[in-house]
Amino acid sequence: MSPRLMRNSFIYLLITVAVLAIFFTLFSDSLGGSQEIPVSEVLSRSLRGEVERIEVRGDRLSVFTTAGNSFTSRKEQGASMIEMLGAAGVNTGASGVLVDVKGTGGLGSLFGILINFLPLIFFGAILLFMMRQAQGSSNQTFSFGKSRARMFVGNSPAVSFSDVAGVEEAKEELQEVVQFLKEPERFVSLGAKIPRGVLLIGPPGTGKTLLARAVAGEAGVPFLSISGSEFVEMFVGVGASRVRDLFEQAKRNAPCIVFVDEIDAVGRHRGAGLGGGHDEREQTLNQILVEMDGFDVNTNIIVVAATNRPDILDPALLRPGRFDRRVVLDNPDVRGREQILRVHSKGKPLAEDIDMERVAKQTMGFSGADLANLVNESAILAARRSKVTITNDEFAESIDRVIAGPARKSRVVNEREKEITAYHEAGHALVGYMLPKADMPFKVTIVARGMSGGHTRYLPDEDRNLWTKGQFQDMMAAAMGGRVAEELIFEDVTTGASNDLEQATNIARTMVTRYGMSSKLGPRTFGKREELVFLGREISEQRDYSDKIAEDIDAEVFNLVETAYQTATNVITTHKSKLADLAGYLLANETAEADDLKEILEPGEPSAPPIAEAAPA
């Protein structure tokens, strides 16, 4: 329990006791079942011989009669009951009324004290509560400029390099940082300077934060973690004050690692934002630059920062002497994905026939976070299905869930739409299967997921970093396969191909404007992407070509898309019977796997037709 919560609980307890004391004072007599009588009547009854015994507790009297009744009464403060009875002519002792004087301690005394001091207790508790609230606000005010970094300290590494897979080059680069922290004198004796900062660059989910924690775990040093957004506040100077406090805290715990996540929140290019050169964000950045440049030679502090937008960082932040090392983390290749899957599968009961290499090949483009989510989804599905091990079915379903979302089994689809969807997805699969440079279709389903009524998933033979013109052309033709199948079978088109048309058009325009794959316009690029740094995203494209060239670009894009459409038409017309076979299989089973596709589309098929010539604009 936190100290603040304990203090508040104590105050609430005092208020509760005060309320109970009031309740006891007001209702104790009525709840006790006895009746209060004047002290004069007590003396009269004692004189008549009706009173057997009187108990005295301070100024309160408990009167017990010979008939077995009891009464309560009060006497004057300081008056003696024995003297009062004697003055009234009543005998006391064994021959008369027995007077028993009780002590004033115990529970009754406690309630008596509470009753006497009840107003003071009540108002004191309220005053104390208000002072605590005011003091809490004051503490927040005075600690406003303090660093909010979270410190992780431990002798045994919670995260080590063995927990990070798929980024072997990055781990090798950071292994030197670990050696700097463990044995700084080894490098200082040779005149080597310890690096000031390490910048981790990569898309979201590639493991930048995990890798930074692994460095701290391997080195066995304190790890101060803070986000770039925690520096900047609406008050001027707060961010710079927090930066100073952060580095003071780091120097007290040296050697240590300071990890700044999403440093682009404060490290953006100066002079490009709103508010001129004196806004709070730029002052915070200036203080970071000063602190990183002011380290002593023997100060073992390394700043590790992470960002997925290195292009908008200020050049002064990236110069040598500040962030000396830049470690790039990209989405893992097939071998890295297999290693990541094995790391996240440790401790989970897997079926014996699980092939992680096969799963890794199906997850091209997945980041480390996606793969971790994939394994977790598989475990959740296995538990939901009351299984004791995770099987291939759970992994296959989880891949579909990560890519397209959970299956919408409750969606009502009429037979007409279901048939159109089956032929649409069969058209994608057929064209992709028959064209030599297209990716091989791996799974076709008409089960609705997310916003789509079905989808076709392709499995590339290998991970690619370079794409050819022929691969783009076959990819566009496969995207057009669904639209062509609808038109040839139903002699009409639907809105289901809208995303396919957008994908094909984007590929064609990128081929012309960025990759120089147009025979007419030649090997050059068209247009410059214009970014506004303070918004942090691309919002427009600057034209560096004439209107005549713009018409030629549109004509080339039309040519490429129309050629892909004609190629898909030729393929589907030639293999129309296989299209019907695959669509019928989908209508009966909803999903066709790789083996099913090979059995339906492979035997007895003629060779794929040649790619159609470019259509006129």
# chains A, B, ... in the order shown; residues from 1 in each chain; ligands from 1

$ residues_around --residues "A:Val232" --least-positions-apart "4" --cutoff "8 Å" --atoms "only C-alpha atoms" --output "list in words"
Gly228, Val238, Gly239, Val266, Glu280, Arg281 and Thr284 of chain A

$ write_last_selection --atoms "N, CA and C atoms" --output "compact mmCIF listing (two decimals), in the first residue's frame"
# COMPACT_ATOMS: atom_id res chain seq x y z
N GLY A 228 10.03 10.17 -25.28
CA GLY A 228 10.28 11.54 -25.71
C GLY A 228 9.13 12.47 -25.42
N VAL A 238 9.96 23.41 -18.72
CA VAL A 238 9.77 22.16 -17.98
C VAL A 238 10.54 21.03 -18.64
N GLY A 239 10.49 20.95 -19.98
CA GLY A 239 11.19 19.88 -20.68
C GLY A 239 12.69 19.95 -20.45
N VAL A 266 10.81 14.93 -29.57
CA VAL A 266 11.51 16.15 -29.16
C VAL A 266 12.71 16.45 -30.05
N GLU A 280 8.77 25.30 -26.72
CA GLU A 280 9.21 24.40 -25.65
C GLU A 280 9.95 23.18 -26.18
N ARG A 281 9.49 22.63 -27.30
CA ARG A 281 10.13 21.44 -27.84
C ARG A 281 11.58 21.71 -28.24
N THR A 284 13.84 21.98 -25.25
CA THR A 284 14.14 20.64 -24.72
C THR A 284 15.23 19.96 -25.55

$ residues_around --residues "stretch 252-254 of chain A" --least-positions-apart "5" --cutoff "9 Å" --atoms "only C-alpha atoms" --output "VMD selection string"
chain A and resid 221 to 222 247 299 to 301

$ closest_residue --among "A:Asp333, A:Thr72, A:Val99, A:Leu289" --to "A:Pro315" --atoms "only C-alpha atoms"
A:Leu289

$ select_by_dssp --residues "stretch 317-397 of chain A" --states "alpha helix (DSSP H)" --output "compact mmCIF listing (two decimals) with C-alpha atoms, in the first residue's frame"
# COMPACT_ATOMS: atom_id res chain seq x y z
CA LEU A 317 21.48 15.24 -32.82
CA LEU A 318 23.01 12.86 -35.37
CA VAL A 334 12.66 -16.07 -43.16
CA ARG A 335 15.50 -17.34 -40.96
CA GLY A 336 15.01 -14.51 -38.48
CA ARG A 337 11.26 -15.12 -38.37
CA GLU A 338 11.86 -18.79 -37.58
CA GLN A 339 14.19 -17.83 -34.73
CA ILE A 340 11.69 -15.32 -33.35
CA LEU A 341 8.90 -17.90 -33.49
CA ARG A 342 11.05 -20.36 -31.55
CA VAL A 343 11.90 -17.74 -28.91
CA HIS A 344 8.26 -16.85 -28.32
CA MET A 356 8.33 -23.51 -37.67
CA GLU A 357 10.13 -23.11 -40.99
CA ARG A 358 6.83 -23.55 -42.85
CA VAL A 359 5.13 -21.05 -40.57
CA ALA A 360 7.99 -18.59 -41.07
CA LYS A 361 7.63 -18.81 -44.87
CA GLY A 368 8.80 -9.29 -34.39
CA ALA A 369 5.72 -7.93 -32.61
CA ASP A 370 3.47 -9.53 -35.23
CA LEU A 371 5.16 -12.89 -34.72
CA ALA A 372 4.82 -12.62 -30.94
CA ASN A 373 1.15 -11.83 -31.41
CA LEU A 374 0.84 -14.79 -33.78
CA VAL A 375 2.16 -17.26 -31.21
CA ASN A 376 -0.03 -15.74 -28.49
CA GLU A 377 -3.13 -15.94 -30.70
CA SER A 378 -2.35 -19.59 -31.41
CA ALA A 379 -2.17 -20.35 -27.68
CA ILE A 380 -5.46 -18.52 -27.08
CA LEU A 381 -7.18 -20.46 -29.87
CA ALA A 382 -5.88 -23.78 -28.52
CA ALA A 383 -7.19 -22.92 -25.05
CA ARG A 384 -10.53 -21.84 -26.52
CA ASN A 392 -0.86 -26.42 -37.08
CA ASP A 393 -4.55 -25.54 -37.28
CA GLU A 394 -4.16 -22.87 -34.61
CA PHE A 395 -1.10 -21.38 -36.32
CA ALA A 396 -2.86 -21.29 -39.70
CA GLU A 397 -5.93 -19.64 -38.18

$ residues_around --residues "A:Ser40" --least-positions-apart "3" --cutoff "12 Å" --atoms "only C-alpha atoms" --output "short mmCIF file (atom, residue, chain, number, x, y, z; two decimals) with N, CA and C atoms, in the first residue's frame"
data_model
loop_
_atom_site.label_atom_id
_atom_site.label_comp_id
_atom_site.auth_asym_id
_atom_site.auth_seq_id
_atom_site.Cartn_x
_atom_site.Cartn_y
_atom_site.Cartn_z
N GLU A 36 -33.94 6.91 31.91
CA GLU A 36 -33.21 7.85 32.74
C GLU A 36 -34.21 8.62 33.61
N ILE A 37 -33.88 8.71 34.93
CA ILE A 37 -34.73 9.42 35.89
C ILE A 37 -33.89 10.46 36.59
N LEU A 43 -33.07 9.46 45.01
CA LEU A 43 -33.01 9.61 46.46
C LEU A 43 -34.34 9.25 47.10
N SER A 44 -35.44 9.63 46.47
CA SER A 44 -36.77 9.32 47.03
C SER A 44 -37.00 7.82 47.06
N ARG A 45 -36.68 7.14 45.96
CA ARG A 45 -36.88 5.69 45.92
C ARG A 45 -35.95 4.98 46.91
N SER A 46 -34.74 5.52 47.05
CA SER A 46 -33.83 4.92 48.04
C SER A 46 -34.38 5.07 49.45
N LEU A 47 -35.00 6.23 49.74
CA LEU A 47 -35.57 6.45 51.06
C LEU A 47 -36.74 5.52 51.32
N SER A 73 -29.31 7.57 35.68
CA SER A 73 -29.48 8.93 36.15
C SER A 73 -28.13 9.64 36.11
N ARG A 74 -28.13 10.92 36.40
CA ARG A 74 -26.90 11.71 36.42
C ARG A 74 -26.87 12.54 37.70
N LYS A 75 -25.67 12.70 38.23
CA LYS A 75 -25.49 13.56 39.40
C LYS A 75 -24.58 14.70 39.03
N GLU A 76 -24.44 15.63 39.94
CA GLU A 76 -23.56 16.77 39.69
C GLU A 76 -22.11 16.33 39.65
N MET A 81 -22.04 10.45 45.91
CA MET A 81 -23.36 9.81 46.01
C MET A 81 -23.62 9.33 47.43
N MET A 84 -24.75 12.31 49.41
CA MET A 84 -26.10 12.69 49.03
C MET A 84 -27.13 11.76 49.66
N LEU A 85 -26.85 10.45 49.68
CA LEU A 85 -27.78 9.50 50.32
C LEU A 85 -27.83 9.72 51.83
N ALA A 88 -29.92 12.63 52.70
CA ALA A 88 -31.35 12.35 52.51
C ALA A 88 -31.87 11.36 53.56
#

$ closest_residue --among "A:Thr563, A:Ala479, A:Asn506, A:Leu430" --to "A:Lys578" --atoms "only C-alpha atoms"
A:Leu430

$ residues_around --residues "A:Arg464" --least-positions-apart "3" --cutoff "12 Å" --atoms "only C-alpha atoms" --output "number ranges by chain"
A: 331-334, 364-365, 439, 459-461, 467-468, 471

$ write_last_selection --atoms "C-alpha atoms" --output "PDB file, in the first residue's frame"
ATOM      1  CA  ASN A 331      11.593  -6.727 -40.535  1.00  0.00           C
ATOM      2  CA  PRO A 332      13.254 -10.149 -40.191  1.00  0.00           C
ATOM      3  CA  ASP A 333      13.916 -12.500 -43.084  1.00  0.00           C
ATOM      4  CA  VAL A 334      12.657 -16.073 -43.163  1.00  0.00           C
ATOM      5  CA  MET A 364       6.600 -12.664 -45.024  1.00  0.00           C
ATOM      6  CA  GLY A 365       6.585  -9.022 -43.954  1.00  0.00           C
ATOM      7  CA  ASP A 439       3.717 -15.456 -56.322  1.00  0.00           C
ATOM      8  CA  LEU A 459       3.422 -17.640 -50.637  1.00  0.00           C
ATOM      9  CA  PRO A 460       6.604 -16.278 -52.255  1.00  0.00           C
ATOM     10  CA  ASP A 461       9.384 -18.752 -52.954  1.00  0.00           C
ATOM     11  CA  TRP A 467      11.546  -6.542 -57.641  1.00  0.00           C
ATOM     12  CA  THR A 468      11.621  -6.913 -61.409  1.00  0.00           C
ATOM     13  CA  GLN A 471       7.090  -9.554 -61.289  1.00  0.00           C
TER      14      GLN A 471
END

$ residues_around --residues "A:Val243" --least-positions-apart "4" --cutoff "12 Å" --atoms "only C-alpha atoms" --output "number ranges by chain"
A: 145-149, 226-232, 237-239, 247-250, 258, 260, 266, 281, 283-292

$ write_last_selection --atoms "N, CA, C and O atoms" --output "CSV table (one decimal), in the first residue's frame"
chain,number,residue,atom,x,y,z
A,145,GLY,N,9.2,19.8,-12.7
A,145,GLY,CA,10.4,19.8,-13.5
A,145,GLY,C,11.3,18.6,-13.3
A,145,GLY,O,12.4,18.5,-13.8
A,146,LYS,N,10.9,17.6,-12.4
A,146,LYS,CA,11.7,16.4,-12.2
A,146,LYS,C,11.5,15.4,-13.3
A,146,LYS,O,10.4,15.3,-13.9
A,147,SER,N,12.5,14.6,-13.5
A,147,SER,CA,12.4,13.6,-14.5
A,147,SER,C,11.5,12.5,-14.1
A,147,SER,O,11.3,12.1,-13.0
A,148,ARG,N,10.7,12.0,-15.1
A,148,ARG,CA,9.8,10.9,-14.9
A,148,ARG,C,10.3,9.6,-15.4
A,148,ARG,O,9.5,8.7,-15.8
A,149,ALA,N,11.6,9.4,-15.5
A,149,ALA,CA,12.2,8.2,-16.0
A,149,ALA,C,12.0,7.1,-15.0
A,149,ALA,O,12.1,7.3,-13.8
A,226,ILE,N,12.5,6.3,-20.5
A,226,ILE,CA,11.6,7.4,-20.6
A,226,ILE,C,11.2,7.6,-22.1
A,226,ILE,O,11.9,7.3,-23.0
A,227,SER,N,10.0,8.2,-22.3
A,227,SER,CA,9.5,8.4,-23.7
A,227,SER,C,9.8,9.9,-24.0
A,227,SER,O,9.8,10.8,-23.1
A,228,GLY,N,10.0,10.2,-25.3
A,228,GLY,CA,10.3,11.5,-25.7
A,228,GLY,C,9.1,12.5,-25.4
A,228,GLY,O,9.3,13.7,-25.2
A,229,SER,N,7.9,12.0,-25.4
A,229,SER,CA,6.8,12.8,-25.2
A,229,SER,C,6.7,13.2,-23.7
A,229,SER,O,5.9,14.2,-23.4
A,230,GLU,N,7.4,12.6,-22.8
A,230,GLU,CA,7.3,12.9,-21.4
A,230,GLU,C,8.1,14.2,-21.0
A,230,GLU,O,8.1,14.6,-19.9
A,231,PHE,N,8.9,14.6,-22.0
A,231,PHE,CA,9.7,15.8,-21.7
A,231,PHE,C,8.9,17.1,-21.9
A,231,PHE,O,9.0,18.1,-21.2
A,232,VAL,N,8.1,17.1,-22.9
A,232,VAL,CA,7.4,18.3,-23.4
A,232,VAL,C,6.1,18.5,-22.6
A,232,VAL,O,5.3,17.6,-22.5
A,237,GLY,N,10.2,25.7,-20.3
A,237,GLY,CA,11.3,25.3,-19.5
A,237,GLY,C,11.1,24.0,-18.7
A,237,GLY,O,12.1,23.5,-18.2
A,238,VAL,N,10.0,23.4,-18.7
A,238,VAL,CA,9.8,22.2,-18.0
A,238,VAL,C,10.5,21.0,-18.6
A,238,VAL,O,11.2,20.2,-18.0
A,239,GLY,N,10.5,21.0,-20.0
A,239,GLY,CA,11.2,19.9,-20.7
A,239,GLY,C,12.7,19.9,-20.5
A,239,GLY,O,13.3,18.9,-20.2
A,247,PHE,N,19.7,13.5,-16.6
A,247,PHE,CA,21.1,13.2,-16.7
A,247,PHE,C,21.8,13.3,-15.3
A,247,PHE,O,22.8,12.6,-15.1
A,248,GLU,N,21.3,14.1,-14.4
A,248,GLU,CA,21.8,14.1,-13.1
A,248,GLU,C,21.5,12.8,-12.4
A,248,GLU,O,22.4,12.2,-11.7
A,249,GLN,N,20.4,12.2,-12.6
A,249,GLN,CA,20.0,10.9,-12.0
A,249,GLN,C,20.9,9.9,-12.7
A,249,GLN,O,21.3,8.9,-12.0
A,250,ALA,N,21.2,10.0,-14.0
A,250,ALA,CA,22.0,9.0,-14.6
A,250,ALA,C,23.5,9.1,-14.1
A,250,ALA,O,24.1,8.0,-13.9
A,258,VAL,N,20.6,5.2,-20.5
A,258,VAL,CA,19.4,6.0,-20.6
A,258,VAL,C,18.7,5.7,-21.9
A,258,VAL,O,19.3,5.9,-23.0
A,260,VAL,N,15.7,6.5,-24.4
A,260,VAL,CA,14.7,7.5,-24.8
A,260,VAL,C,13.9,6.9,-26.0
A,260,VAL,O,14.4,6.8,-27.1
A,266,VAL,N,10.8,14.9,-29.6
A,266,VAL,CA,11.5,16.2,-29.2
A,266,VAL,C,12.7,16.5,-30.0
A,266,VAL,O,13.3,17.5,-30.0
A,281,ARG,N,9.5,22.6,-27.3
A,281,ARG,CA,10.1,21.4,-27.8
A,281,ARG,C,11.6,21.7,-28.2
A,281,ARG,O,12.5,20.9,-28.0
A,283,GLN,N,13.6,24.0,-27.1
A,283,GLN,CA,14.4,24.2,-25.9
A,283,GLN,C,14.8,22.9,-25.3
A,283,GLN,O,15.9,22.7,-24.8
A,284,THR,N,13.8,22.0,-25.3
A,284,THR,CA,14.1,20.6,-24.7
A,284,THR,C,15.2,20.0,-25.6
A,284,THR,O,16.2,19.3,-25.0
A,285,LEU,N,15.1,20.1,-26.9
A,285,LEU,CA,16.1,19.5,-27.7
A,285,LEU,C,17.5,20.1,-27.5
A,285,LEU,O,18.5,19.5,-27.4
A,286,ASN,N,17.5,21.5,-27.3
A,286,ASN,CA,18.8,22.1,-27.1
A,286,ASN,C,19.4,21.6,-25.8
A,286,ASN,O,20.7,21.4,-25.7
A,287,GLN,N,18.6,21.4,-24.8
A,287,GLN,CA,19.2,20.9,-23.5
A,287,GLN,C,19.7,19.5,-23.7
A,287,GLN,O,20.8,19.1,-23.1
A,288,ILE,N,19.0,18.6,-24.5
A,288,ILE,CA,19.6,17.3,-24.7
A,288,ILE,C,20.9,17.4,-25.4
A,288,ILE,O,21.8,16.6,-25.1
A,289,LEU,N,21.0,18.3,-26.4
A,289,LEU,CA,22.3,18.4,-27.1
A,289,LEU,C,23.4,18.8,-26.2
A,289,LEU,O,24.5,18.3,-26.2
A,290,VAL,N,23.1,19.8,-25.3
A,290,VAL,CA,24.1,20.2,-24.3
A,290,VAL,C,24.5,19.1,-23.3
A,290,VAL,O,25.7,18.9,-23.1
A,291,GLU,N,23.6,18.4,-22.8
A,291,GLU,CA,23.9,17.3,-21.9
A,291,GLU,C,24.7,16.2,-22.5
A,291,GLU,O,25.6,15.7,-21.9
A,292,MET,N,24.4,15.8,-23.7
A,292,MET,CA,25.1,14.8,-24.4
A,292,MET,C,26.5,15.2,-24.8
A,292,MET,O,27.4,14.4,-24.8

$ residues_around --residues "stretch 178-193 of chain A" --least-positions-apart "2" --cutoff "7 Å" --atoms "only C-alpha atoms" --output "PyMOL selection string"
chain A and resi 174-176+195+215+218-219+255+300

$ write_last_selection --atoms "N, CA, C and O atoms" --output "mmCIF file, in the first residue's frame"
data_model
loop_
_atom_site.group_PDB
_atom_site.id
_atom_site.type_symbol
_atom_site.label_atom_id
_atom_site.label_comp_id
_atom_site.auth_asym_id
_atom_site.auth_seq_id
_atom_site.Cartn_x
_atom_site.Cartn_y
_atom_site.Cartn_z
ATOM 1 N N LEU A 174 25.754 -3.952 -30.851
ATOM 2 C CA LEU A 174 25.511 -3.532 -29.472
ATOM 3 C C LEU A 174 26.333 -4.329 -28.468
ATOM 4 O O LEU A 174 26.400 -3.956 -27.290
ATOM 5 N N GLN A 175 26.931 -5.429 -28.900
ATOM 6 C CA GLN A 175 27.790 -6.188 -27.996
ATOM 7 C C GLN A 175 28.982 -5.344 -27.548
ATOM 8 O O GLN A 175 29.450 -5.460 -26.410
ATOM 9 N N GLU A 176 29.451 -4.453 -28.423
ATOM 10 C CA GLU A 176 30.543 -3.565 -28.033
ATOM 11 C C GLU A 176 30.100 -2.589 -26.945
ATOM 12 O O GLU A 176 30.884 -2.239 -26.056
ATOM 13 N N PRO A 195 31.293 5.492 -26.690
ATOM 14 C CA PRO A 195 30.263 6.161 -27.498
ATOM 15 C C PRO A 195 29.230 6.841 -26.612
ATOM 16 O O PRO A 195 28.818 6.310 -25.584
ATOM 17 N N VAL A 215 20.463 -4.940 -23.801
ATOM 18 C CA VAL A 215 21.791 -4.353 -23.567
ATOM 19 C C VAL A 215 21.992 -4.074 -22.083
ATOM 20 O O VAL A 215 23.037 -4.387 -21.499
ATOM 21 N N GLU A 218 22.361 -7.455 -20.245
ATOM 22 C CA GLU A 218 23.674 -8.092 -20.445
ATOM 23 C C GLU A 218 24.772 -7.356 -19.697
ATOM 24 O O GLU A 218 25.690 -7.975 -19.162
ATOM 25 N N ALA A 219 24.679 -6.027 -19.662
ATOM 26 C CA ALA A 219 25.715 -5.252 -18.983
ATOM 27 C C ALA A 219 25.544 -5.268 -17.472
ATOM 28 O O ALA A 219 26.502 -4.985 -16.745
ATOM 29 N N PRO A 255 27.874 3.417 -13.841
ATOM 30 C CA PRO A 255 27.513 3.316 -15.258
ATOM 31 C C PRO A 255 26.056 2.871 -15.431
ATOM 32 O O PRO A 255 25.570 2.020 -14.691
ATOM 33 N N ASN A 300 30.500 6.888 -17.506
ATOM 34 C CA ASN A 300 30.026 5.703 -18.232
ATOM 35 C C ASN A 300 28.508 5.752 -18.369
ATOM 36 O O ASN A 300 27.779 5.005 -17.715
#

$ closest_residue --among "A:Ser498, A:Asp492, A:Thr569, A:Thr421" --to "A:Leu582" --atoms "only C-alpha atoms"
A:Thr421

$ select_by_dssp --residues "stretch 341-532 of chain A" --states "strand (DSSP E)" --output "NGL selection string"
:A and (440-445 or 455-459 or 528-532)

$ write_last_selection --atoms "N, CA and C atoms" --output "PDB file, in the first residue's frame"
ATOM      1  N   MET A 440       3.085 -17.742 -55.866  1.00  0.00           N
ATOM      2  CA  MET A 440       2.209 -18.898 -55.878  1.00  0.00           C
ATOM      3  C   MET A 440       1.108 -18.744 -54.827  1.00  0.00           C
ATOM      4  N   PRO A 441      -0.174 -18.917 -55.224  1.00  0.00           N
ATOM      5  CA  PRO A 441      -1.247 -18.865 -54.217  1.00  0.00           C
ATOM      6  C   PRO A 441      -1.124 -20.026 -53.239  1.00  0.00           C
ATOM      7  N   PHE A 442      -1.260 -19.704 -51.968  1.00  0.00           N
ATOM      8  CA  PHE A 442      -1.081 -20.706 -50.915  1.00  0.00           C
ATOM      9  C   PHE A 442      -2.407 -21.088 -50.262  1.00  0.00           C
ATOM     10  N   LYS A 443      -3.309 -20.130 -50.163  1.00  0.00           N
ATOM     11  CA  LYS A 443      -4.589 -20.399 -49.512  1.00  0.00           C
ATOM     12  C   LYS A 443      -5.638 -19.469 -50.089  1.00  0.00           C
ATOM     13  N   VAL A 444      -6.785 -20.042 -50.432  1.00  0.00           N
ATOM     14  CA  VAL A 444      -7.913 -19.277 -50.957  1.00  0.00           C
ATOM     15  C   VAL A 444      -9.119 -19.585 -50.075  1.00  0.00           C
ATOM     16  N   THR A 445      -9.808 -18.552 -49.632  1.00  0.00           N
ATOM     17  CA  THR A 445     -10.972 -18.751 -48.762  1.00  0.00           C
ATOM     18  C   THR A 445     -12.035 -17.730 -49.101  1.00  0.00           C
ATOM     19  N   HIS A 455     -10.409 -13.865 -49.279  1.00  0.00           N
ATOM     20  CA  HIS A 455      -9.084 -13.406 -49.664  1.00  0.00           C
ATOM     21  C   HIS A 455      -8.253 -14.559 -50.193  1.00  0.00           C
ATOM     22  N   THR A 456      -7.252 -14.201 -50.993  1.00  0.00           N
ATOM     23  CA  THR A 456      -6.294 -15.154 -51.534  1.00  0.00           C
ATOM     24  C   THR A 456      -4.922 -14.797 -50.983  1.00  0.00           C
ATOM     25  N   ARG A 457      -4.289 -15.741 -50.339  1.00  0.00           N
ATOM     26  CA  ARG A 457      -2.974 -15.502 -49.739  1.00  0.00           C
ATOM     27  C   ARG A 457      -1.906 -16.182 -50.575  1.00  0.00           C
ATOM     28  N   TYR A 458      -0.861 -15.423 -50.888  1.00  0.00           N
ATOM     29  CA  TYR A 458       0.226 -15.926 -51.736  1.00  0.00           C
ATOM     30  C   TYR A 458       1.428 -16.263 -50.867  1.00  0.00           C
ATOM     31  N   LEU A 459       2.216 -17.219 -51.347  1.00  0.00           N
ATOM     32  CA  LEU A 459       3.422 -17.640 -50.637  1.00  0.00           C
ATOM     33  C   LEU A 459       4.617 -17.497 -51.561  1.00  0.00           C
ATOM     34  N   LYS A 528       8.471  14.993 -56.472  1.00  0.00           N
ATOM     35  CA  LYS A 528       9.232  14.967 -55.229  1.00  0.00           C
ATOM     36  C   LYS A 528       8.263  14.986 -54.062  1.00  0.00           C
ATOM     37  N   ARG A 529       8.501  14.071 -53.151  1.00  0.00           N
ATOM     38  CA  ARG A 529       7.656  14.031 -51.954  1.00  0.00           C
ATOM     39  C   ARG A 529       7.992  15.211 -51.051  1.00  0.00           C
ATOM     40  N   GLU A 530       6.971  15.946 -50.680  1.00  0.00           N
ATOM     41  CA  GLU A 530       7.140  17.131 -49.840  1.00  0.00           C
ATOM     42  C   GLU A 530       6.595  16.835 -48.462  1.00  0.00           C
ATOM     43  N   GLU A 531       7.414  17.052 -47.442  1.00  0.00           N
ATOM     44  CA  GLU A 531       7.023  16.753 -46.075  1.00  0.00           C
ATOM     45  C   GLU A 531       7.051  18.021 -45.238  1.00  0.00           C
ATOM     46  N   LEU A 532       6.097  18.141 -44.340  1.00  0.00           N
ATOM     47  CA  LEU A 532       6.118  19.181 -43.318  1.00  0.00           C
ATOM     48  C   LEU A 532       6.528  18.509 -42.022  1.00  0.00           C
TER      49      LEU A 532
END

$ closest_residue --among "A:Ile126, A:Leu13, A:Ile54, A:Ala485" --to "A:Glu425" --atoms "only C-alpha atoms"
A:Ala485

$ atom_distance --atom1 "atom CA of A:Pro320" --atom2 "atom CA of A:Val198"
10.8 Å

$ atom_distance --atom1 "atom CA of A:Thr505" --atom2 "atom CA of A:Lys548"
20.0 Å
